[in-house]
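Participant: Coordinates in upload-v4.pdb, PDB, C-alpha atoms, are listed below.
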MODEL        1
ATOM      1  CA  MET A   1     -11.077  13.844  12.947  1.00  0.00           C
ATOM      2  CA  GLY A   2     -14.738  13.285  12.204  1.00  0.00           C
ATOM      3  CA  GLY A   3     -14.043  10.162  10.100  1.00  0.00           C
ATOM      4  CA  GLY A   4     -11.789   8.708  12.763  1.00  0.00           C
ATOM      5  CA  ASP A   5     -14.362   9.399  15.492  1.00  0.00           C
ATOM      6  CA  SER A   6     -17.092   7.586  13.571  1.00  0.00           C
ATOM      7  CA  VAL A   7     -14.822   4.613  12.993  1.00  0.00           C
ATOM      8  CA  GLU A   8     -13.910   4.524  16.685  1.00  0.00           C
ATOM      9  CA  ALA A   9     -17.566   4.644  17.700  1.00  0.00           C
ATOM     10  CA  ALA A  10     -18.449   1.807  15.358  1.00  0.00           C
ATOM     11  CA  VAL A  11     -15.559  -0.306  16.617  1.00  0.00           C
ATOM     12  CA  ALA A  12     -16.167   0.372  20.287  1.00  0.00           C
ATOM     13  CA  GLY A  13     -19.864  -0.348  19.954  1.00  0.00           C
ATOM     14  CA  SER A  14     -19.441  -3.771  18.339  1.00  0.00           C
ATOM     15  CA  ALA A  15     -17.252  -5.691  20.838  1.00  0.00           C
ATOM     16  CA  SER A  16     -14.405  -5.237  18.376  1.00  0.00           C
ATOM     17  CA  THR A  17     -11.871  -7.841  17.394  1.00  0.00           C
ATOM     18  CA  ALA A  18      -8.201  -7.252  16.710  1.00  0.00           C
ATOM     19  CA  ASP A  19      -9.010  -7.095  12.983  1.00  0.00           C
ATOM     20  CA  ASP A  20     -11.624  -4.391  13.631  1.00  0.00           C
ATOM     21  CA  LEU A  21      -9.182  -2.310  15.639  1.00  0.00           C
ATOM     22  CA  ALA A  22      -6.394  -2.786  13.101  1.00  0.00           C
ATOM     23  CA  HIS A  23      -8.764  -1.633  10.343  1.00  0.00           C
ATOM     24  CA  ALA A  24      -9.761   1.476  12.306  1.00  0.00           C
ATOM     25  CA  LEU A  25      -6.140   2.408  13.008  1.00  0.00           C
ATOM     26  CA  ARG A  26      -5.162   1.671   9.412  1.00  0.00           C
ATOM     27  CA  LEU A  27      -7.758   4.176   8.192  1.00  0.00           C
ATOM     28  CA  GLN A  28      -6.464   6.821  10.600  1.00  0.00           C
ATOM     29  CA  ILE A  29      -2.911   6.286   9.354  1.00  0.00           C
ATOM     30  CA  GLN A  30      -4.016   6.456   5.720  1.00  0.00           C
ATOM     31  CA  LYS A  31      -5.848   9.729   6.394  1.00  0.00           C
ATOM     32  CA  SER A  32      -2.816  11.167   8.262  1.00  0.00           C
ATOM     33  CA  GLU A  33      -4.873  11.396  11.455  1.00  0.00           C
ATOM     34  CA  LEU A  34      -2.027   9.443  13.033  1.00  0.00           C
ATOM     35  CA  ALA A  35       1.239  11.046  11.978  1.00  0.00           C
ATOM     36  CA  PRO A  36       4.499   9.245  11.170  1.00  0.00           C
ATOM     37  CA  GLY A  37       6.459   8.774  14.377  1.00  0.00           C
ATOM     38  CA  GLU A  38       3.391   9.083  16.620  1.00  0.00           C
ATOM     39  CA  TRP A  39       3.364   6.596  19.510  1.00  0.00           C
ATOM     40  CA  LEU A  40       0.373   4.275  19.859  1.00  0.00           C
ATOM     41  CA  ARG A  41       0.071   3.711  23.608  1.00  0.00           C
ATOM     42  CA  GLU A  42      -1.766   0.561  24.632  1.00  0.00           C
ATOM     43  CA  ALA A  43      -3.546   2.201  27.558  1.00  0.00           C
ATOM     44  CA  ARG A  44      -4.872   5.033  25.386  1.00  0.00           C
ATOM     45  CA  LEU A  45      -6.081   2.640  22.685  1.00  0.00           C
ATOM     46  CA  CYS A  46      -7.826   0.463  25.267  1.00  0.00           C
ATOM     47  CA  SER A  47      -9.627   3.519  26.613  1.00  0.00           C
ATOM     48  CA  GLU A  48     -10.508   5.054  23.237  1.00  0.00           C
ATOM     49  CA  PHE A  49     -11.804   1.874  21.634  1.00  0.00           C
ATOM     50  CA  GLY A  50     -13.194   0.120  24.712  1.00  0.00           C
ATOM     51  CA  VAL A  51     -11.176  -3.052  24.177  1.00  0.00           C
ATOM     52  CA  GLY A  52      -8.782  -5.159  26.223  1.00  0.00           C
ATOM     53  CA  ARG A  53      -5.017  -5.040  26.089  1.00  0.00           C
ATOM     54  CA  SER A  54      -4.786  -8.425  24.345  1.00  0.00           C
ATOM     55  CA  ILE A  55      -6.897  -7.143  21.432  1.00  0.00           C
ATOM     56  CA  VAL A  56      -4.749  -4.007  21.191  1.00  0.00           C
ATOM     57  CA  ARG A  57      -1.559  -6.048  21.084  1.00  0.00           C
ATOM     58  CA  ARG A  58      -2.880  -8.368  18.369  1.00  0.00           C
ATOM     59  CA  ALA A  59      -4.050  -5.365  16.330  1.00  0.00           C
ATOM     60  CA  LEU A  60      -0.629  -3.736  16.616  1.00  0.00           C
ATOM     61  CA  ARG A  61       1.035  -6.941  15.429  1.00  0.00           C
ATOM     62  CA  ILE A  62      -1.256  -6.936  12.368  1.00  0.00           C
ATOM     63  CA  LEU A  63      -0.263  -3.346  11.568  1.00  0.00           C
ATOM     64  CA  SER A  64       3.398  -4.218  12.119  1.00  0.00           C
ATOM     65  CA  ASP A  65       3.110  -7.066   9.597  1.00  0.00           C
ATOM     66  CA  ASP A  66       1.600  -4.550   7.151  1.00  0.00           C
ATOM     67  CA  GLY A  67       4.588  -2.232   7.645  1.00  0.00           C
ATOM     68  CA  LEU A  68       2.362   0.546   8.990  1.00  0.00           C
ATOM     69  CA  ILE A  69       3.902   0.661  12.462  1.00  0.00           C
ATOM     70  CA  GLU A  70       7.166  -0.268  14.126  1.00  0.00           C
ATOM     71  CA  ILE A  71       7.173  -2.105  17.450  1.00  0.00           C
ATOM     72  CA  GLU A  72      10.161  -1.360  19.662  1.00  0.00           C
ATOM     73  CA  GLU A  73      10.901  -3.595  22.623  1.00  0.00           C
ATOM     74  CA  HIS A  74      10.265  -1.911  25.985  1.00  0.00           C
ATOM     75  CA  ARG A  75       9.074   1.260  24.248  1.00  0.00           C
ATOM     76  CA  GLY A  76       5.894   0.402  22.355  1.00  0.00           C
ATOM     77  CA  ALA A  77       4.590   0.985  18.845  1.00  0.00           C
ATOM     78  CA  ARG A  78       4.787   4.030  16.629  1.00  0.00           C
ATOM     79  CA  VAL A  79       3.585   4.897  13.133  1.00  0.00           C
ATOM     80  CA  SER A  80       6.178   4.145  10.470  1.00  0.00           C
ATOM     81  CA  ALA A  81       7.798   6.979   8.556  1.00  0.00           C
ATOM     82  CA  THR A  82       7.693   5.455   5.086  1.00  0.00           C
ATOM     83  CA  THR A  83      10.234   6.749   2.580  1.00  0.00           C
ATOM     84  CA  VAL A  84       9.707   7.552  -1.083  1.00  0.00           C
ATOM     85  CA  GLU A  85      12.193   4.796  -1.875  1.00  0.00           C
ATOM     86  CA  GLU A  86      10.036   2.228  -0.097  1.00  0.00           C
ATOM     87  CA  VAL A  87       6.945   3.416  -1.950  1.00  0.00           C
ATOM     88  CA  PHE A  88       8.754   3.178  -5.272  1.00  0.00           C
ATOM     89  CA  ASP A  89       9.964  -0.363  -4.544  1.00  0.00           C
ATOM     90  CA  LEU A  90       6.563  -1.568  -3.357  1.00  0.00           C
ATOM     91  CA  TYR A  91       4.836  -0.305  -6.492  1.00  0.00           C
ATOM     92  CA  GLU A  92       7.540  -1.900  -8.633  1.00  0.00           C
ATOM     93  CA  VAL A  93       6.816  -5.282  -7.037  1.00  0.00           C
ATOM     94  CA  ARG A  94       3.075  -4.668  -7.225  1.00  0.00           C
ATOM     95  CA  ALA A  95       3.322  -3.877 -10.946  1.00  0.00           C
ATOM     96  CA  ALA A  96       5.079  -7.179 -11.608  1.00  0.00           C
ATOM     97  CA  LEU A  97       2.521  -9.170  -9.611  1.00  0.00           C
ATOM     98  CA  TYR A  98      -0.502  -7.422 -11.126  1.00  0.00           C
ATOM     99  CA  GLY A  99       0.937  -7.996 -14.580  1.00  0.00           C
ATOM    100  CA  LEU A 100       1.171 -11.664 -13.676  1.00  0.00           C
ATOM    101  CA  ALA A 101      -2.458 -11.674 -12.514  1.00  0.00           C
ATOM    102  CA  ALA A 102      -3.643 -10.097 -15.766  1.00  0.00           C
ATOM    103  CA  ARG A 103      -1.650 -12.618 -17.790  1.00  0.00           C
ATOM    104  CA  PHE A 104      -3.154 -15.582 -15.987  1.00  0.00           C
ATOM    105  CA  ALA A 105      -6.650 -14.120 -16.240  1.00  0.00           C
ATOM    106  CA  CYS A 106      -6.282 -14.224 -20.020  1.00  0.00           C
ATOM    107  CA  LEU A 107      -4.791 -17.695 -20.057  1.00  0.00           C
ATOM    108  CA  ARG A 108      -6.900 -19.398 -17.394  1.00  0.00           C
ATOM    109  CA  GLY A 109      -9.992 -17.315 -16.643  1.00  0.00           C
ATOM    110  CA  THR A 110     -13.385 -18.679 -17.584  1.00  0.00           C
ATOM    111  CA  ASP A 111     -15.561 -16.814 -20.075  1.00  0.00           C
ATOM    112  CA  ALA A 112     -17.914 -15.898 -17.237  1.00  0.00           C
ATOM    113  CA  ALA A 113     -15.032 -14.531 -15.134  1.00  0.00           C
ATOM    114  CA  ILE A 114     -13.750 -12.443 -18.063  1.00  0.00           C
ATOM    115  CA  ARG A 115     -17.242 -11.035 -18.686  1.00  0.00           C
ATOM    116  CA  HIS A 116     -17.533 -10.021 -15.026  1.00  0.00           C
ATOM    117  CA  MET A 117     -14.157  -8.252 -15.181  1.00  0.00           C
ATOM    118  CA  LEU A 118     -15.279  -6.368 -18.287  1.00  0.00           C
ATOM    119  CA  VAL A 119     -18.483  -5.253 -16.555  1.00  0.00           C
ATOM    120  CA  ASN A 120     -16.471  -3.930 -13.604  1.00  0.00           C
ATOM    121  CA  ILE A 121     -13.946  -2.177 -15.860  1.00  0.00           C
ATOM    122  CA  ASP A 122     -16.783  -0.480 -17.748  1.00  0.00           C
ATOM    123  CA  LYS A 123     -18.326   0.626 -14.450  1.00  0.00           C
ATOM    124  CA  MET A 124     -15.012   2.000 -13.227  1.00  0.00           C
ATOM    125  CA  LEU A 125     -14.456   3.970 -16.443  1.00  0.00           C
ATOM    126  CA  SER A 126     -18.009   5.312 -16.266  1.00  0.00           C
ATOM    127  CA  ASP A 127     -17.570   6.271 -12.599  1.00  0.00           C
ATOM    128  CA  ALA A 128     -14.320   8.056 -13.388  1.00  0.00           C
ATOM    129  CA  ALA A 129     -15.962  10.017 -16.197  1.00  0.00           C
ATOM    130  CA  SER A 130     -18.840  11.073 -13.934  1.00  0.00           C
ATOM    131  CA  GLY A 131     -16.586  12.264 -11.119  1.00  0.00           C
ATOM    132  CA  VAL A 132     -17.188   9.538  -8.551  1.00  0.00           C
ATOM    133  CA  PRO A 133     -14.853   9.911  -5.514  1.00  0.00           C
ATOM    134  CA  ALA A 134     -11.407   8.489  -6.151  1.00  0.00           C
ATOM    135  CA  GLU A 135     -11.643   6.178  -3.140  1.00  0.00           C
ATOM    136  CA  GLN A 136     -14.533   4.300  -4.780  1.00  0.00           C
ATOM    137  CA  ILE A 137     -12.638   4.011  -8.058  1.00  0.00           C
ATOM    138  CA  ILE A 138      -9.609   2.607  -6.267  1.00  0.00           C
ATOM    139  CA  GLU A 139     -11.755   0.073  -4.412  1.00  0.00           C
ATOM    140  CA  LEU A 140     -13.319  -1.089  -7.676  1.00  0.00           C
ATOM    141  CA  SER A 141      -9.928  -1.339  -9.379  1.00  0.00           C
ATOM    142  CA  GLU A 142      -8.710  -3.495  -6.498  1.00  0.00           C
ATOM    143  CA  THR A 143     -11.780  -5.699  -6.902  1.00  0.00           C
ATOM    144  CA  ILE A 144     -10.928  -6.188 -10.580  1.00  0.00           C
ATOM    145  CA  PHE A 145      -7.342  -7.125  -9.791  1.00  0.00           C
ATOM    146  CA  SER A 146      -8.620  -9.546  -7.142  1.00  0.00           C
ATOM    147  CA  GLU A 147     -10.763 -11.203  -9.808  1.00  0.00           C
ATOM    148  CA  MET A 148      -7.730 -11.462 -12.079  1.00  0.00           C
ATOM    149  CA  ALA A 149      -5.637 -12.930  -9.265  1.00  0.00           C
ATOM    150  CA  GLU A 150      -8.130 -15.757  -8.762  1.00  0.00           C
ATOM    151  CA  SER A 151      -6.611 -17.362 -11.871  1.00  0.00           C
ATOM    152  CA  ALA A 152      -3.086 -17.231 -10.414  1.00  0.00           C
ATOM    153  CA  SER A 153      -1.493 -19.910  -8.262  1.00  0.00           C
ATOM    154  CA  PRO A 154      -2.047 -19.858  -4.471  1.00  0.00           C
ATOM    155  CA  ASP A 155       1.541 -18.696  -3.908  1.00  0.00           C
ATOM    156  CA  ALA A 156       1.135 -15.823  -6.369  1.00  0.00           C
ATOM    157  CA  GLN A 157      -2.140 -14.850  -4.694  1.00  0.00           C
ATOM    158  CA  LYS A 158      -0.414 -14.723  -1.301  1.00  0.00           C
ATOM    159  CA  MET A 159       2.341 -12.488  -2.671  1.00  0.00           C
ATOM    160  CA  ILE A 160      -0.204 -10.161  -4.292  1.00  0.00           C
ATOM    161  CA  GLU A 161      -2.143  -9.876  -1.036  1.00  0.00           C
ATOM    162  CA  ALA A 162       1.014  -9.226   1.002  1.00  0.00           C
ATOM    163  CA  VAL A 163       2.240  -6.367  -1.189  1.00  0.00           C
ATOM    164  CA  ARG A 164      -1.299  -4.992  -1.455  1.00  0.00           C
ATOM    165  CA  ARG A 165      -1.515  -4.743   2.329  1.00  0.00           C
ATOM    166  CA  LYS A 166       1.732  -2.829   2.489  1.00  0.00           C
ATOM    167  CA  THR A 167       0.769  -0.365  -0.240  1.00  0.00           C
ATOM    168  CA  ARG A 168      -2.607   0.286   1.402  1.00  0.00           C
ATOM    169  CA  PHE A 169      -0.725   2.799   3.545  1.00  0.00           C
ATOM    170  CA  HIS A 170      -0.559   5.004   0.442  1.00  0.00           C
ATOM    171  CA  PHE A 171      -4.277   4.768  -0.286  1.00  0.00           C
ATOM    172  CA  SER A 172      -4.769   8.462   0.455  1.00  0.00           C
ATOM    173  CA  TYR A 173      -1.893   9.442  -1.835  1.00  0.00           C
ATOM    174  CA  ALA A 174      -3.343   7.297  -4.623  1.00  0.00           C
ATOM    175  CA  ALA A 175      -6.677   9.050  -4.160  1.00  0.00           C
ATOM    176  CA  LEU A 176      -4.973  12.426  -4.478  1.00  0.00           C
ATOM    177  CA  ALA A 177      -3.277  11.247  -7.663  1.00  0.00           C
ATOM    178  CA  LEU A 178      -6.592  10.213  -9.197  1.00  0.00           C
ATOM    179  CA  ASN A 179      -8.244  13.463  -8.112  1.00  0.00           C
ATOM    180  CA  ALA A 180      -5.521  15.564  -9.751  1.00  0.00           C
ATOM    181  CA  ASN A 181      -6.137  17.095 -13.142  1.00  0.00           C
ATOM    182  CA  GLY A 182      -4.929  14.848 -15.900  1.00  0.00           C
ATOM    183  CA  PRO A 183      -5.836  11.737 -17.878  1.00  0.00           C
ATOM    184  CA  GLY A 184      -5.228   9.307 -15.020  1.00  0.00           C
ATOM    185  CA  PRO A 185      -4.455   5.639 -15.703  1.00  0.00           C
ATOM    186  CA  TYR A 186      -7.682   5.021 -17.614  1.00  0.00           C
ATOM    187  CA  GLU A 187      -6.129   4.654 -21.054  1.00  0.00           C
ATOM    188  CA  TYR A 188      -4.168   1.708 -19.636  1.00  0.00           C
ATOM    189  CA  TRP A 189      -7.394   0.267 -18.229  1.00  0.00           C
ATOM    190  CA  ARG A 190      -8.932   0.458 -21.701  1.00  0.00           C
ATOM    191  CA  ARG A 191      -5.941  -1.491 -23.004  1.00  0.00           C
ATOM    192  CA  VAL A 192      -6.434  -4.102 -20.280  1.00  0.00           C
ATOM    193  CA  ARG A 193     -10.088  -4.392 -21.314  1.00  0.00           C
ATOM    194  CA  ALA A 194      -9.232  -4.872 -24.974  1.00  0.00           C
ATOM    195  CA  ALA A 195      -6.594  -7.469 -24.115  1.00  0.00           C
ATOM    196  CA  LEU A 196      -9.054  -9.417 -21.942  1.00  0.00           C
ATOM    197  CA  VAL A 197     -11.534  -9.507 -24.832  1.00  0.00           C
ATOM    198  CA  GLU A 198      -8.812 -10.790 -27.163  1.00  0.00           C
ATOM    199  CA  ARG A 199      -7.329 -13.094 -24.497  1.00  0.00           C
ATOM    200  CA  ASP A 200      -3.969 -11.497 -25.311  1.00  0.00           C
ATOM    201  CA  ALA A 201      -1.908 -12.318 -22.234  1.00  0.00           C
ATOM    202  CA  ASP A 202       1.118 -10.204 -23.204  1.00  0.00           C
ATOM    203  CA  LYS A 203      -0.895  -7.047 -23.875  1.00  0.00           C
ATOM    204  CA  ALA A 204      -2.961  -7.500 -20.713  1.00  0.00           C
ATOM    205  CA  SER A 205       0.144  -7.977 -18.595  1.00  0.00           C
ATOM    206  CA  GLN A 206       1.890  -4.913 -20.015  1.00  0.00           C
ATOM    207  CA  ALA A 207      -1.172  -2.673 -19.640  1.00  0.00           C
ATOM    208  CA  ALA A 208      -1.713  -3.810 -16.040  1.00  0.00           C
ATOM    209  CA  ARG A 209       1.893  -2.978 -15.220  1.00  0.00           C
ATOM    210  CA  GLU A 210       1.505   0.442 -16.838  1.00  0.00           C
ATOM    211  CA  ILE A 211      -1.412   1.194 -14.480  1.00  0.00           C
ATOM    212  CA  LEU A 212       0.797   0.561 -11.469  1.00  0.00           C
ATOM    213  CA  TYR A 213       3.754   2.436 -12.963  1.00  0.00           C
ATOM    214  CA  PHE A 214       1.491   5.448 -13.446  1.00  0.00           C
ATOM    215  CA  MET A 215       0.368   5.293  -9.810  1.00  0.00           C
ATOM    216  CA  GLN A 216       3.967   4.733  -8.686  1.00  0.00           C
ATOM    217  CA  GLY A 217       5.082   7.953 -10.331  1.00  0.00           C
ATOM    218  CA  GLU A 218       2.120   9.991  -9.119  1.00  0.00           C
ATOM    219  CA  VAL A 219       2.288   8.796  -5.507  1.00  0.00           C
ATOM    220  CA  ALA A 220       6.042   9.392  -5.353  1.00  0.00           C
ATOM    221  CA  ARG A 221       5.569  12.874  -6.831  1.00  0.00           C
ATOM    222  CA  ILE A 222       2.951  13.787  -4.231  1.00  0.00           C
ATOM    223  CA  MET A 223       5.079  12.459  -1.387  1.00  0.00           C
ATOM    224  CA  LEU A 224       8.063  14.472  -2.598  1.00  0.00           C
ATOM    225  CA  ALA A 225       5.928  17.603  -2.881  1.00  0.00           C
ATOM    226  CA  ARG A 226       4.817  17.166   0.727  1.00  0.00           C
ATOM    227  CA  GLY A 227       8.353  16.768   1.999  1.00  0.00           C
ATOM    228  CA  PRO A 228      10.187  13.555   1.233  1.00  0.00           C
ATOM    229  CA  ARG A 229      11.443  11.137   3.811  1.00  0.00           C
ATOM    230  CA  VAL A 230      14.504   9.784   2.040  1.00  0.00           C
ATOM    231  CA  ARG A 231      17.005   7.469   3.649  1.00  0.00           C
ATOM    232  CA  GLU A 232      20.315   9.137   4.346  1.00  0.00           C
ATOM    233  CA  ALA A 233      23.015   7.598   2.204  1.00  0.00           C
ATOM    234  CA  ALA A 234      25.797   5.963   4.189  1.00  0.00           C
ATOM    235  CA  PRO A 235      29.305   7.211   3.379  1.00  0.00           C
ATOM    236  CA  LEU A 236      31.046   5.019   0.852  1.00  0.00           C
ATOM    237  CA  ILE A 237      34.315   5.079   2.798  1.00  0.00           C
ATOM    238  CA  ALA A 238      34.379   5.357   6.559  1.00  0.00           C
ATOM    239  CA  PRO A 239      36.834   7.953   7.910  1.00  0.00           C
ATOM    240  CA  ALA A 240      40.144   6.419   8.924  1.00  0.00           C
ATOM    241  CA  PRO A 241      40.851   6.315  12.673  1.00  0.00           C
ATOM    242  CA  PRO A 242      43.588   8.641  13.980  1.00  0.00           C
ATOM    243  CA  ILE A 243      46.256   5.935  14.080  1.00  0.00           C
ATOM    244  CA  LYS A 244      49.221   8.250  14.557  1.00  0.00           C
ATOM    245  CA  LYS A 245      47.704   9.948  17.597  1.00  0.00           C
ATOM    246  CA  ARG A 246      46.923   6.606  19.173  1.00  0.00           C
ATOM    247  CA  ALA A 247      50.449   5.427  18.567  1.00  0.00           C
ATOM    248  CA  ALA A 248      51.837   8.564  20.140  1.00  0.00           C
ATOM    249  CA  ALA A 249      49.610   8.122  23.157  1.00  0.00           C
ATOM    250  CA  ASN A 250      50.833   4.541  23.568  1.00  0.00           C
ATOM    251  CA  ARG A 251      54.487   5.685  23.562  1.00  0.00           C
ATOM    252  CA  ARG A 252      53.733   7.912  26.497  1.00  0.00           C
TER     253      ARG A 252
ENDMDL
END
Can you dump the structure from the file as structure tokens?
Facilitator:
Amino acid sequence: MGGGDSVEAAVAGSASTADDLAHALRLQIQKSELAPGEWLREARLCSEFGVGRSIVRRALRILSDDGLIEIEEHRGARVSATTVEEVFDLYEVRAALYGLAARFACLRGTDAAIRHMLVNIDKMLSDAASGVPAEQIIELSETIFSEMAESASPDAQKMIEAVRRKTRFHFSYAALALNANGPGPYEYWRRVRAALVERDADKASQAAREILYFMQGEVARIMLARGPRVREAAPLIAPAPPIKKRAAANRR
């Protein structure tokens, strides 16, 4: 847990806020240093990070809003056990919203904003070709989508940020997908670039969605390979109660 230890040291040494603590715990969850189902005890967190109980509680509420932990009354907080179904649904929503962001970038973005997006896309493609760590590529791709989203309405921006926070849990899986042998989503990024140059909103939107659909499939595949957590299907028809036996008991 070398990465987690360094994060803890940085947080504890800087009179951390709830946001700092939430960020540190989020990284540990993403790196599987905190396992699904693991309890996050307030007293232990206070001791480890050198913060007060009020900061711990605010940090846990932030993580709960992100869907990373579940808070149970009178029991505490524990790391969520996210299912493949939830991942699939989140990426589906994210694809729709990112497609919207790309569309509005074409329709409303200034020439300067478009040029800056193109510079970042070129850098990302160059980094990918030179073997830069996947985490850096993902961060740059998120920066590009943030630039696109600046052309969307405030409500759309809020929705994009909300679903982004929830899918950050799968950051490590996305990194594994990009590190795997294969073409990656870069052909779709090239299509986004071409569409931005042409200001073709339809092509940009479709290519942006294809990027997220690619990641959706890869992340789900990796999760399944590691042992899926799939919701148990409820029976379609509940078993009928033993009416005859009850009736017989009443006659007695």
Participant: CA of Tyr186 in chain A to CA of Leu224 in chain A: how many Å, to one decimal?
Facilitator: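 It comes out at 23.7 Å.
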Participant: Can you tell me, as a list in words, what residues are no more than 12 Å from Arg75 in chain A when counting only C-alpha atoms, ignoring any on the same chain fewer than 3 positions away?
Facilitator: Trp39, Leu40, Arg41, Glu42, Glu70, Ile71, Glu72 and Arg78 of chain A
Participant: Between CA of Arg164 in chain A and CA of Glu33 in chain A, what is the spacing in Å?
Facilitator: 21.2 Å
Participant: Given only C-alpha atoms as the basis, pick out the residue of A:Leu118, A:Val93, A:Glu85, A:Arg199 nearest to Thr143 in chain A.
Facilitator: A:Leu118
Participant: Could you tell me how far CA of Asp127 in chain A lies from CA of Ser32 in chain A, in Å and to one decimal?
Facilitator: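 Those two atoms sit 26.0 Å apart.
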Participant: Carefully work through the PyMOL selection byres ((chain A and resi 105) around 12) for this structure and note down the residues it includes, as a VMD selection string.
Facilitator: chain A and resid 98 to 104 106 to 118 144 to 153 192 to 193 195 to 205 208
Participant: Considering all atoms listed in the file, state which residue in the set A:Glu48, A:Asp89, A:Asp20, A:Glu38 is at the smallest distance from Ile62 in chain A.
Facilitator: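 Comparing A:Glu48, A:Asp89, A:Asp20, A:Glu38 against Ile62 in chain A, the winner is A:Asp20.
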Participant: For a quick check of understanding, using all atoms listed in the file, which of A:Ala43, A:Val51, A:Ile29, A:Leu125 has the smallest distance to Leu68 in chain A?
Facilitator: A:Ile29
